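Asks: Here you go, this is run-v8.json (JSON, C-alpha atoms and all ligand atoms).
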```json
[["chain", "number", "residue", "atom", "x", "y", "z"],
["A", 36, "ALA", "CA", 68.93, 56.91, 126.05],
["A", 37, "ALA", "CA", 69.77, 58.42, 122.69],
["A", 38, "GLU", "CA", 72.35, 61.16, 122.89],
["A", 39, "THR", "CA", 71.20, 64.41, 121.34],
["A", 40, "THR", "CA", 73.44, 65.65, 118.56],
["A", 41, "LYS", "CA", 75.10, 68.96, 119.29],
["A", 42, "LYS", "CA", 73.87, 71.77, 117.08],
["A", 43, "TYR", "CA", 75.98, 74.81, 116.23],
["A", 44, "ILE", "CA", 74.75, 78.15, 114.93],
["A", 45, "ILE", "CA", 76.78, 79.22, 111.91],
["A", 46, "GLY", "CA", 76.75, 82.66, 110.30],
["A", 47, "THR", "CA", 77.24, 83.12, 106.57],
["A", 48, "ASP", "CA", 76.87, 85.59, 103.71],
["A", 49, "VAL", "CA", 73.48, 86.23, 102.07],
["A", 50, "THR", "CA", 74.76, 85.34, 98.65],
["A", 51, "PHE", "CA", 78.29, 84.39, 97.61],
["A", 52, "ALA", "CA", 77.94, 81.77, 94.92],
["A", 53, "PRO", "CA", 79.40, 79.19, 94.46],
["A", 54, "PHE", "CA", 80.12, 79.12, 98.23],
["A", 55, "GLU", "CA", 76.70, 80.02, 99.63],
["A", 56, "PHE", "CA", 73.50, 80.84, 97.79],
["A", 57, "GLN", "CA", 69.85, 79.82, 97.70],
["A", 58, "ASP", "CA", 68.75, 77.18, 95.22],
["A", 59, "LYS", "CA", 65.35, 77.26, 93.49],
["A", 60, "LYS", "CA", 63.70, 75.73, 96.56],
["A", 61, "GLY", "CA", 65.19, 78.41, 98.81],
["A", 62, "ASP", "CA", 67.66, 76.03, 100.46],
["A", 63, "PHE", "CA", 71.17, 77.26, 101.14],
["A", 64, "VAL", "CA", 73.65, 75.38, 98.98],
["A", 65, "GLY", "CA", 77.19, 75.88, 97.73],
["A", 66, "ILE", "CA", 80.71, 74.69, 98.49],
["A", 67, "ASP", "CA", 80.73, 76.11, 102.05],
["A", 68, "MET", "CA", 77.25, 74.81, 102.86],
["A", 69, "ASP", "CA", 77.84, 71.31, 101.48],
["A", 70, "LEU", "CA", 81.29, 71.12, 103.04],
["A", 71, "LEU", "CA", 80.06, 72.10, 106.49],
["A", 72, "LYS", "CA", 77.13, 69.67, 106.32],
["A", 73, "ALA", "CA", 79.40, 66.85, 105.18],
["A", 74, "ILE", "CA", 81.88, 67.63, 107.97],
["A", 75, "GLY", "CA", 79.02, 67.62, 110.48],
["A", 76, "LYS", "CA", 77.93, 64.23, 109.22],
["A", 77, "ASP", "CA", 81.49, 62.91, 109.40],
["A", 78, "GLN", "CA", 82.07, 64.28, 112.91],
["A", 79, "GLY", "CA", 78.56, 63.94, 114.35],
["A", 80, "PHE", "CA", 77.29, 67.48, 114.75],
["A", 81, "GLU", "CA", 74.47, 69.53, 113.25],
["A", 82, "VAL", "CA", 74.42, 73.11, 112.04],
["A", 83, "GLU", "CA", 71.82, 75.83, 111.81],
["A", 84, "ILE", "CA", 72.74, 78.29, 109.07],
["A", 85, "LYS", "CA", 72.14, 82.01, 109.56],
["A", 86, "PRO", "CA", 72.57, 83.98, 106.31],
["A", 87, "LEU", "CA", 73.33, 87.34, 107.91],
["A", 88, "GLY", "CA", 75.54, 88.96, 105.28],
["A", 89, "PHE", "CA", 79.32, 88.88, 105.43],
["A", 90, "ASN", "CA", 80.07, 91.83, 107.70],
["A", 91, "ALA", "CA", 77.12, 91.09, 110.00],
["A", 92, "ALA", "CA", 78.18, 87.44, 110.29],
["A", 93, "VAL", "CA", 81.71, 88.44, 111.29],
["A", 94, "GLN", "CA", 80.31, 90.85, 113.88],
["A", 95, "ALA", "CA", 77.91, 88.20, 115.17],
["A", 96, "LEU", "CA", 80.89, 85.89, 115.66],
["A", 97, "GLU", "CA", 82.82, 88.54, 117.54],
["A", 98, "THR", "CA", 79.90, 89.03, 119.94],
["A", 99, "ASP", "CA", 79.26, 85.25, 120.35],
["A", 100, "GLN", "CA", 75.85, 85.36, 118.69],
["A", 101, "VAL", "CA", 76.98, 82.58, 116.37],
["A", 102, "ASP", "CA", 79.36, 79.70, 117.06],
["A", 103, "GLY", "CA", 81.22, 79.92, 113.79],
["A", 104, "VAL", "CA", 81.37, 81.61, 110.39],
["A", 105, "ILE", "CA", 81.80, 79.99, 107.01],
["A", 106, "ALA", "CA", 81.45, 82.59, 104.27],
["A", 107, "GLY", "CA", 84.35, 82.39, 101.88],
["A", 108, "MET", "CA", 86.15, 84.16, 104.73],
["A", 109, "SER", "CA", 89.78, 84.89, 104.02],
["A", 110, "ILE", "CA", 92.36, 84.02, 106.65],
["A", 111, "THR", "CA", 94.19, 87.29, 107.35],
["A", 112, "ASP", "CA", 96.69, 88.30, 110.04],
["A", 113, "GLU", "CA", 94.38, 91.06, 111.22],
["A", 114, "ARG", "CA", 91.44, 88.67, 111.63],
["A", 115, "LYS", "CA", 93.66, 86.16, 113.41],
["A", 116, "GLN", "CA", 93.89, 88.66, 116.29],
["A", 117, "LYS", "CA", 90.16, 88.17, 116.90],
["A", 118, "PHE", "CA", 89.32, 84.73, 115.52],
["A", 119, "ASP", "CA", 90.71, 81.22, 115.31],
["A", 120, "PHE", "CA", 90.72, 79.80, 111.79],
["A", 121, "SER", "CA", 90.54, 76.25, 110.52],
["A", 122, "ASP", "CA", 93.04, 74.86, 108.06],
["A", 123, "PRO", "CA", 92.59, 76.61, 104.72],
["A", 124, "TYR", "CA", 90.10, 74.88, 102.42],
["A", 125, "PHE", "CA", 90.08, 77.06, 99.28],
["A", 126, "GLU", "CA", 92.54, 79.35, 97.49],
["A", 127, "SER", "CA", 91.10, 82.71, 96.46],
["A", 128, "GLY", "CA", 92.34, 86.25, 95.72],
["A", 129, "VAL", "CA", 90.80, 89.62, 94.82],
["A", 130, "VAL", "CA", 90.20, 90.59, 91.17],
["A", 131, "MET", "CA", 88.80, 93.67, 89.46],
["A", 132, "ALA", "CA", 85.73, 93.42, 87.23],
["A", 133, "VAL", "CA", 84.13, 96.00, 84.94],
["A", 134, "ALA", "CA", 80.99, 95.98, 82.76],
["A", 135, "ASP", "CA", 81.52, 93.62, 79.83],
["A", 136, "THR", "CA", 80.91, 96.57, 77.47],
["A", 137, "ASN", "CA", 83.66, 98.68, 79.06],
["A", 138, "ASP", "CA", 86.75, 98.92, 76.86],
["A", 139, "THR", "CA", 88.50, 101.77, 78.64],
["A", 140, "ILE", "CA", 89.31, 100.28, 82.08],
["A", 141, "LYS", "CA", 91.95, 97.63, 81.66],
["A", 142, "GLY", "CA", 93.75, 97.88, 84.99],
["A", 143, "TYR", "CA", 94.24, 99.94, 88.15],
["A", 144, "ASP", "CA", 95.95, 102.69, 86.12],
["A", 145, "ASP", "CA", 92.67, 103.46, 84.38],
["A", 146, "LEU", "CA", 90.78, 104.11, 87.63],
["A", 147, "LYS", "CA", 91.67, 107.80, 88.00],
["A", 148, "GLY", "CA", 88.49, 109.74, 88.91],
["A", 149, "LYS", "CA", 86.44, 106.53, 88.78],
["A", 150, "THR", "CA", 84.27, 104.79, 91.37],
["A", 151, "VAL", "CA", 84.96, 101.28, 92.62],
["A", 152, "ALA", "CA", 82.24, 99.16, 94.28],
["A", 153, "VAL", "CA", 83.20, 96.91, 97.19],
["A", 154, "LYS", "CA", 81.46, 94.87, 99.88],
["A", 155, "THR", "CA", 81.70, 96.16, 103.46],
["A", 156, "GLY", "CA", 84.21, 94.41, 105.68],
["A", 157, "THR", "CA", 85.78, 92.28, 102.96],
["A", 158, "GLN", "CA", 89.32, 91.78, 101.77],
["A", 159, "GLY", "CA", 88.28, 93.42, 98.48],
["A", 160, "ALA", "CA", 87.17, 96.52, 100.40],
["A", 161, "GLU", "CA", 90.42, 96.62, 102.32],
["A", 162, "PHE", "CA", 92.44, 96.20, 99.14],
["A", 163, "ALA", "CA", 90.52, 99.07, 97.50],
["A", 164, "GLN", "CA", 91.23, 101.35, 100.49],
["A", 165, "SER", "CA", 94.91, 100.46, 100.34],
["A", 166, "ILE", "CA", 95.37, 101.57, 96.70],
["A", 167, "LYS", "CA", 92.69, 104.23, 96.18],
["A", 168, "ASP", "CA", 94.93, 107.23, 96.83],
["A", 169, "LYS", "CA", 97.68, 105.88, 94.63],
["A", 170, "TYR", "CA", 95.32, 105.40, 91.67],
["A", 171, "GLY", "CA", 92.92, 108.26, 92.47],
["A", 172, "PHE", "CA", 89.57, 106.47, 92.65],
["A", 173, "LYS", "CA", 86.56, 106.69, 94.98],
["A", 174, "VAL", "CA", 85.16, 103.73, 96.86],
["A", 175, "THR", "CA", 81.46, 102.96, 97.27],
["A", 176, "THR", "CA", 80.30, 100.19, 99.62],
["A", 177, "PHE", "CA", 77.56, 97.58, 99.48],
["A", 178, "ASP", "CA", 76.35, 94.97, 101.96],
["A", 179, "ASP", "CA", 76.12, 92.15, 99.46],
["A", 180, "SER", "CA", 77.68, 91.05, 96.21],
["A", 181, "SER", "CA", 74.59, 91.18, 93.98],
["A", 182, "ASN", "CA", 73.93, 94.87, 94.69],
["A", 183, "MET", "CA", 77.58, 95.56, 94.02],
["A", 184, "TYR", "CA", 77.41, 93.86, 90.59],
["A", 185, "GLU", "CA", 74.14, 95.68, 89.81],
["A", 186, "ASP", "CA", 75.79, 99.03, 90.47],
["A", 187, "VAL", "CA", 78.55, 98.31, 87.97],
["A", 188, "LYS", "CA", 76.05, 96.96, 85.47],
["A", 189, "ALA", "CA", 73.95, 100.12, 85.84],
["A", 190, "GLY", "CA", 77.03, 102.25, 85.24],
["A", 191, "ASN", "CA", 76.99, 104.00, 88.65],
["A", 192, "SER", "CA", 80.24, 102.32, 89.66],
["A", 193, "ASP", "CA", 82.98, 101.76, 87.10],
["A", 194, "ALA", "CA", 84.48, 98.63, 88.63],
["A", 195, "ALA", "CA", 84.10, 96.14, 91.47],
["A", 196, "PHE", "CA", 86.70, 94.35, 93.58],
["A", 197, "GLU", "CA", 85.61, 90.80, 94.37],
["A", 198, "ASP", "CA", 87.08, 87.37, 95.12],
["A", 199, "TYR", "CA", 88.18, 85.59, 91.95],
["A", 200, "PRO", "CA", 86.17, 82.35, 92.24],
["A", 201, "VAL", "CA", 82.98, 84.27, 93.04],
["A", 202, "MET", "CA", 83.33, 86.82, 90.26],
["A", 203, "ALA", "CA", 84.33, 84.15, 87.74],
["A", 204, "TYR", "CA", 81.32, 82.03, 88.75],
["A", 205, "ALA", "CA", 78.94, 85.03, 88.46],
["A", 206, "ILE", "CA", 80.20, 85.63, 84.92],
["A", 207, "THR", "CA", 79.43, 82.01, 83.98],
["A", 208, "GLN", "CA", 75.91, 82.69, 85.34],
["A", 209, "ASN", "CA", 75.52, 85.57, 82.85],
["A", 210, "VAL", "CA", 76.29, 88.52, 85.11],
["A", 211, "PRO", "CA", 77.42, 90.98, 82.39],
["A", 212, "LEU", "CA", 80.84, 91.81, 83.84],
["A", 213, "LYS", "CA", 84.37, 90.82, 82.85],
["A", 214, "LEU", "CA", 87.64, 90.38, 84.73],
["A", 215, "VAL", "CA", 90.44, 92.78, 83.89],
["A", 216, "THR", "CA", 93.18, 91.98, 86.41],
["A", 217, "ASP", "CA", 95.02, 88.94, 87.68],
["A", 218, "LYS", "CA", 94.25, 87.61, 91.16],
["A", 219, "GLU", "CA", 95.90, 89.52, 93.99],
["A", 220, "LYS", "CA", 97.91, 87.26, 96.27],
["A", 221, "GLY", "CA", 96.52, 86.07, 99.58],
["A", 222, "GLY", "CA", 93.02, 84.95, 100.30],
["A", 223, "GLN", "CA", 92.81, 81.40, 101.53],
["A", 224, "TYR", "CA", 89.38, 80.63, 102.92],
["A", 225, "GLY", "CA", 88.98, 79.26, 106.43],
["A", 226, "PHE", "CA", 86.20, 78.43, 108.84],
["A", 227, "ALA", "CA", 86.32, 80.78, 111.85],
["A", 228, "VAL", "CA", 85.35, 80.60, 115.53],
["A", 229, "ASN", "CA", 85.75, 83.37, 118.08],
["A", 230, "LYS", "CA", 89.23, 83.43, 119.60],
["A", 231, "GLY", "CA", 89.58, 80.74, 122.24],
["A", 232, "LYS", "CA", 85.91, 79.70, 121.89],
["A", 233, "ASN", "CA", 84.31, 76.61, 120.34],
["A", 234, "GLN", "CA", 87.66, 74.86, 120.07],
["A", 235, "GLU", "CA", 85.96, 71.43, 119.87],
["A", 236, "LEU", "CA", 84.03, 72.65, 116.82],
["A", 237, "LEU", "CA", 87.22, 73.94, 115.22],
["A", 238, "LYS", "CA", 88.96, 70.62, 115.80],
["A", 239, "MET", "CA", 86.02, 68.69, 114.36],
["A", 240, "PHE", "CA", 86.07, 70.98, 111.30],
["A", 241, "ASN", "CA", 89.75, 70.28, 110.71],
["A", 242, "ASP", "CA", 89.41, 66.54, 111.35],
["A", 243, "GLY", "CA", 86.38, 66.32, 109.10],
["A", 244, "LEU", "CA", 88.08, 68.36, 106.36],
["A", 245, "THR", "CA", 91.05, 65.98, 106.42],
["A", 246, "ASN", "CA", 88.72, 62.98, 106.18],
["A", 247, "LEU", "CA", 86.73, 64.49, 103.29],
["A", 248, "LYS", "CA", 89.92, 65.34, 101.44],
["A", 249, "ASN", "CA", 91.17, 61.79, 101.89],
["A", 250, "ASN", "CA", 87.96, 60.05, 100.89],
["A", 251, "GLY", "CA", 87.33, 62.18, 97.79],
["A", 252, "GLU", "CA", 84.17, 63.81, 99.15],
["A", 253, "TYR", "CA", 85.69, 67.30, 99.21],
["A", 254, "GLU", "CA", 86.63, 67.05, 95.55],
["A", 255, "LYS", "CA", 83.12, 65.87, 94.76],
["A", 256, "ILE", "CA", 81.64, 68.91, 96.49],
["A", 257, "GLN", "CA", 83.93, 71.28, 94.57],
["A", 258, "ASN", "CA", 83.15, 69.57, 91.28],
["A", 259, "ARG", "CA", 79.42, 69.89, 91.98],
["A", 260, "TYR", "CA", 79.79, 73.68, 91.69],
["A", 261, "LEU", "CA", 82.93, 74.28, 89.64],
["A", 262, "GLY", "CA", 82.86, 71.37, 87.21],
["A", 263, "GLU", "CA", 85.52, 68.72, 86.72],
["A", 264, "ALA", "CA", 87.85, 70.99, 84.76],
["A", 265, "ASP", "CA", 88.56, 73.45, 87.55],
["A", 301, "LIG", "N1", 87.03, 86.52, 101.09],
["A", 301, "LIG", "C1", 86.57, 87.83, 101.37],
["A", 301, "LIG", "C2", 86.83, 88.20, 102.80],
["A", 301, "LIG", "O1", 87.01, 87.35, 103.62],
["A", 301, "LIG", "C3", 85.09, 88.04, 101.02],
["A", 301, "LIG", "C4", 84.13, 87.19, 101.77],
["A", 301, "LIG", "C5", 82.69, 87.45, 101.40],
["A", 301, "LIG", "O2", 82.39, 88.44, 100.75],
["A", 301, "LIG", "N2", 81.79, 86.57, 101.79],
["A", 301, "LIG", "O3", 86.89, 89.34, 103.13]]
```
Could you rewrite the structure in this file as structure tokens?
Ligand code: GLN
Replies:
Amino acid sequence: AAETTKKYIIGTDVTFAPFEFQDKKGDFVGIDMDLLKAIGKDQGFEVEIKPLGFNAAVQALETDQVDGVIAGMSITDERKQKFDFSDPYFESGVVMAVADTNDTIKGYDDLKGKTVAVKTGTQGAEFAQSIKDKYGFKVTTFDDSSNMYEDVKAGNSDAAFEDYPVMAYAITQNVPLKLVTDKEKGGQYGFAVNKGKNQELLKMFNDGLTNLKNNGEYEKIQNRYLGEAD
């Protein structure tokens, strides 16, 4: 009898291009999506993707409503208390963006009395909280990245804190923002399972990632979204 392939439920962000986003047909694509599918193929498992939003996906993982999360999720010491992470698969880091027409905000020093948009539950949000008193700005939160960019574009927020590869990609897709700071350190992406749970899935992710790095498939996936130059 044919063995049925094990299927895992995976939570992700609603939109975090180039890692997860919907293509014209409404399918979820991006580096995370293609990587996870390719790893599943390599290791013999299937996935069902649940685009819940970043914070909701992390909460769903904590309460075992999903088996894993892949969402450009940064490996942090705090999160390691609650989750087990795969080997890192992408180097990131938080940057600050402002409207491309803004010539007055050039760094954190120019944020006094201003409003910074962040996404709930993210490293960018945490970073904003950690420096807001020092620089004297207010923080306003959003559930997803596109609403956050819209708010800066509309002039309600003066700046946004976002992961470098995501903000840089959005700018190439004509989101009218510009980067004004260098990447903050820290922010390697990992695939997460709940602590002590789904260890076989975590092992398959790591084994598959190693295989895809060795056979060139991982590079191909990255190039599909970032181009050869990056
Ligand atoms: N890398 C960031 C974090 O883990 C943001 C992830 C996201 O917005 N999908 O907090």
Asks: Quote the spacing between CA of Asp119 (chain A) and CA of Gln94 (chain A) in Å to one decimal place.
Replies: 14.2 Å
Asks: Using only C-alpha atoms and all ligand atoms, find the one residue out of A:Ala73, A:Met183, A:Ala134, A:Ile84 that sits nearest to ligand LIG 301 (chain A).
Replies: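 The closest residue to ligand LIG 301 (chain A) is A:Met183.
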Asks: Can you work out which one of A:Gly251, A:Gly142, A:Gly128, A:Pro123 has the shortest atom-to-atom distance to ligand LIG 301 (chain A), counting all atoms listed in the file?
Replies: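 Selected residue with least distance to ligand LIG 301 (chain A): A:Gly128.
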Asks: Measuring atom to atom with only C-alpha atoms and all ligand atoms, identify which of A:Asp242, A:Glu252, A:Glu161, A:Asp168 is nearest to ligand LIG 301 (chain A).
Replies: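 So, comparing all the options, the nearest one is A:Glu161.
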Asks: Near region 219-232 of chain A, counting all atoms listed in the file, which residues have an atom at most 7 Å away, once you skip same-chain residues fewer than 2 positions from it, shown as a list in words?
Replies: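 Here the answer would be Leu96, Glu97, Asp102, Gly103, Val104, Ile105, Gly107, Met108, Ser109, Ile110, Lys117, Phe118, Asp119, Phe120, Ser121, Asp122, Pro123, Tyr124, Phe125, Glu126, Ser127, Gly128, Val129, Val130, Asp217, Gln234 and Leu237 of chain A.
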Asks: Taking all heavy atoms as the atom set, what does region 110-121 of chain A look like once completed, written as a compact mmCIF listing (two decimals), in the frame of the given file?
Replies:
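File produced: part25.txt:
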```txt
# COMPACT_ATOMS: atom_id res chain seq x y z
N ILE A 110 91.51 84.07 105.45
CA ILE A 110 92.36 84.02 106.65
C ILE A 110 93.36 85.17 106.53
O ILE A 110 94.20 85.16 105.63
CB ILE A 110 93.09 82.66 106.73
CG1 ILE A 110 92.09 81.51 106.73
CG2 ILE A 110 94.00 82.62 107.95
CD1 ILE A 110 92.71 80.13 106.54
N THR A 111 93.24 86.18 107.40
CA THR A 111 94.19 87.29 107.35
C THR A 111 94.82 87.46 108.73
O THR A 111 94.24 87.07 109.74
CB THR A 111 93.50 88.63 106.97
OG1 THR A 111 92.59 89.00 108.02
CG2 THR A 111 92.73 88.51 105.67
N ASP A 112 96.00 88.08 108.76
CA ASP A 112 96.69 88.30 110.04
C ASP A 112 95.85 89.16 110.97
O ASP A 112 95.79 88.92 112.17
CB ASP A 112 98.04 88.97 109.79
CG ASP A 112 99.04 87.98 109.20
OD1 ASP A 112 98.83 86.75 109.38
OD2 ASP A 112 100.01 88.42 108.56
N GLU A 113 95.20 90.17 110.40
CA GLU A 113 94.38 91.06 111.22
C GLU A 113 93.22 90.27 111.86
O GLU A 113 92.95 90.43 113.05
CB GLU A 113 93.85 92.16 110.32
CG GLU A 113 93.42 93.38 111.09
CD GLU A 113 92.75 94.41 110.19
OE1 GLU A 113 93.03 94.41 108.98
OE2 GLU A 113 91.96 95.20 110.73
N ARG A 114 92.56 89.45 111.08
CA ARG A 114 91.44 88.67 111.63
C ARG A 114 91.91 87.64 112.64
O ARG A 114 91.16 87.26 113.54
CB ARG A 114 90.67 88.00 110.49
CG ARG A 114 89.86 88.99 109.69
CD ARG A 114 89.16 88.32 108.53
NE ARG A 114 88.43 89.30 107.73
CZ ARG A 114 88.06 89.12 106.47
NH1 ARG A 114 88.35 87.97 105.87
NH2 ARG A 114 87.42 90.06 105.82
N LYS A 115 93.13 87.16 112.47
CA LYS A 115 93.66 86.16 113.41
C LYS A 115 93.82 86.72 114.82
O LYS A 115 93.95 85.96 115.77
CB LYS A 115 95.00 85.63 112.90
CG LYS A 115 94.87 84.52 111.87
CD LYS A 115 96.19 83.79 111.78
CE LYS A 115 96.55 83.49 110.34
NZ LYS A 115 97.98 83.24 110.16
N GLN A 116 93.84 88.06 114.95
CA GLN A 116 93.89 88.66 116.29
C GLN A 116 92.58 88.39 117.04
O GLN A 116 92.56 88.31 118.26
CB GLN A 116 94.06 90.18 116.21
CG GLN A 116 95.15 90.67 115.28
CD GLN A 116 96.53 90.41 115.83
OE1 GLN A 116 96.78 90.67 117.00
NE2 GLN A 116 97.39 89.85 115.01
N LYS A 117 91.49 88.29 116.29
CA LYS A 117 90.16 88.17 116.90
C LYS A 117 89.55 86.78 116.80
O LYS A 117 88.67 86.43 117.58
CB LYS A 117 89.18 89.12 116.19
CG LYS A 117 89.42 90.58 116.41
CD LYS A 117 88.37 91.36 115.65
CE LYS A 117 88.57 92.86 115.78
NZ LYS A 117 87.73 93.56 114.78
N PHE A 118 89.96 86.02 115.80
CA PHE A 118 89.32 84.73 115.52
C PHE A 118 90.34 83.62 115.38
O PHE A 118 91.50 83.88 115.05
CB PHE A 118 88.51 84.82 114.21
CG PHE A 118 87.53 85.95 114.17
CD1 PHE A 118 87.70 87.01 113.29
CD2 PHE A 118 86.44 85.98 115.03
CE1 PHE A 118 86.81 88.08 113.26
CE2 PHE A 118 85.53 87.03 115.02
CZ PHE A 118 85.72 88.09 114.12
N ASP A 119 89.89 82.39 115.62
CA ASP A 119 90.71 81.22 115.31
C ASP A 119 90.19 80.61 114.01
O ASP A 119 88.97 80.38 113.89
CB ASP A 119 90.63 80.19 116.45
CG ASP A 119 91.34 80.68 117.70
OD1 ASP A 119 92.35 81.40 117.57
OD2 ASP A 119 90.88 80.35 118.81
N PHE A 120 91.10 80.35 113.10
CA PHE A 120 90.72 79.80 111.79
C PHE A 120 91.06 78.32 111.67
O PHE A 120 92.05 77.85 112.24
CB PHE A 120 91.44 80.55 110.67
CG PHE A 120 90.84 81.88 110.33
CD1 PHE A 120 91.36 83.05 110.88
CD2 PHE A 120 89.75 81.98 109.48
CE1 PHE A 120 90.82 84.29 110.58
CE2 PHE A 120 89.20 83.22 109.16
CZ PHE A 120 89.74 84.37 109.72
N SER A 121 90.25 77.65 110.88
CA SER A 121 90.54 76.25 110.52
C SER A 121 91.72 76.22 109.55
O SER A 121 92.21 77.26 109.12
CB SER A 121 89.32 75.63 109.82
OG SER A 121 89.17 76.21 108.53
```
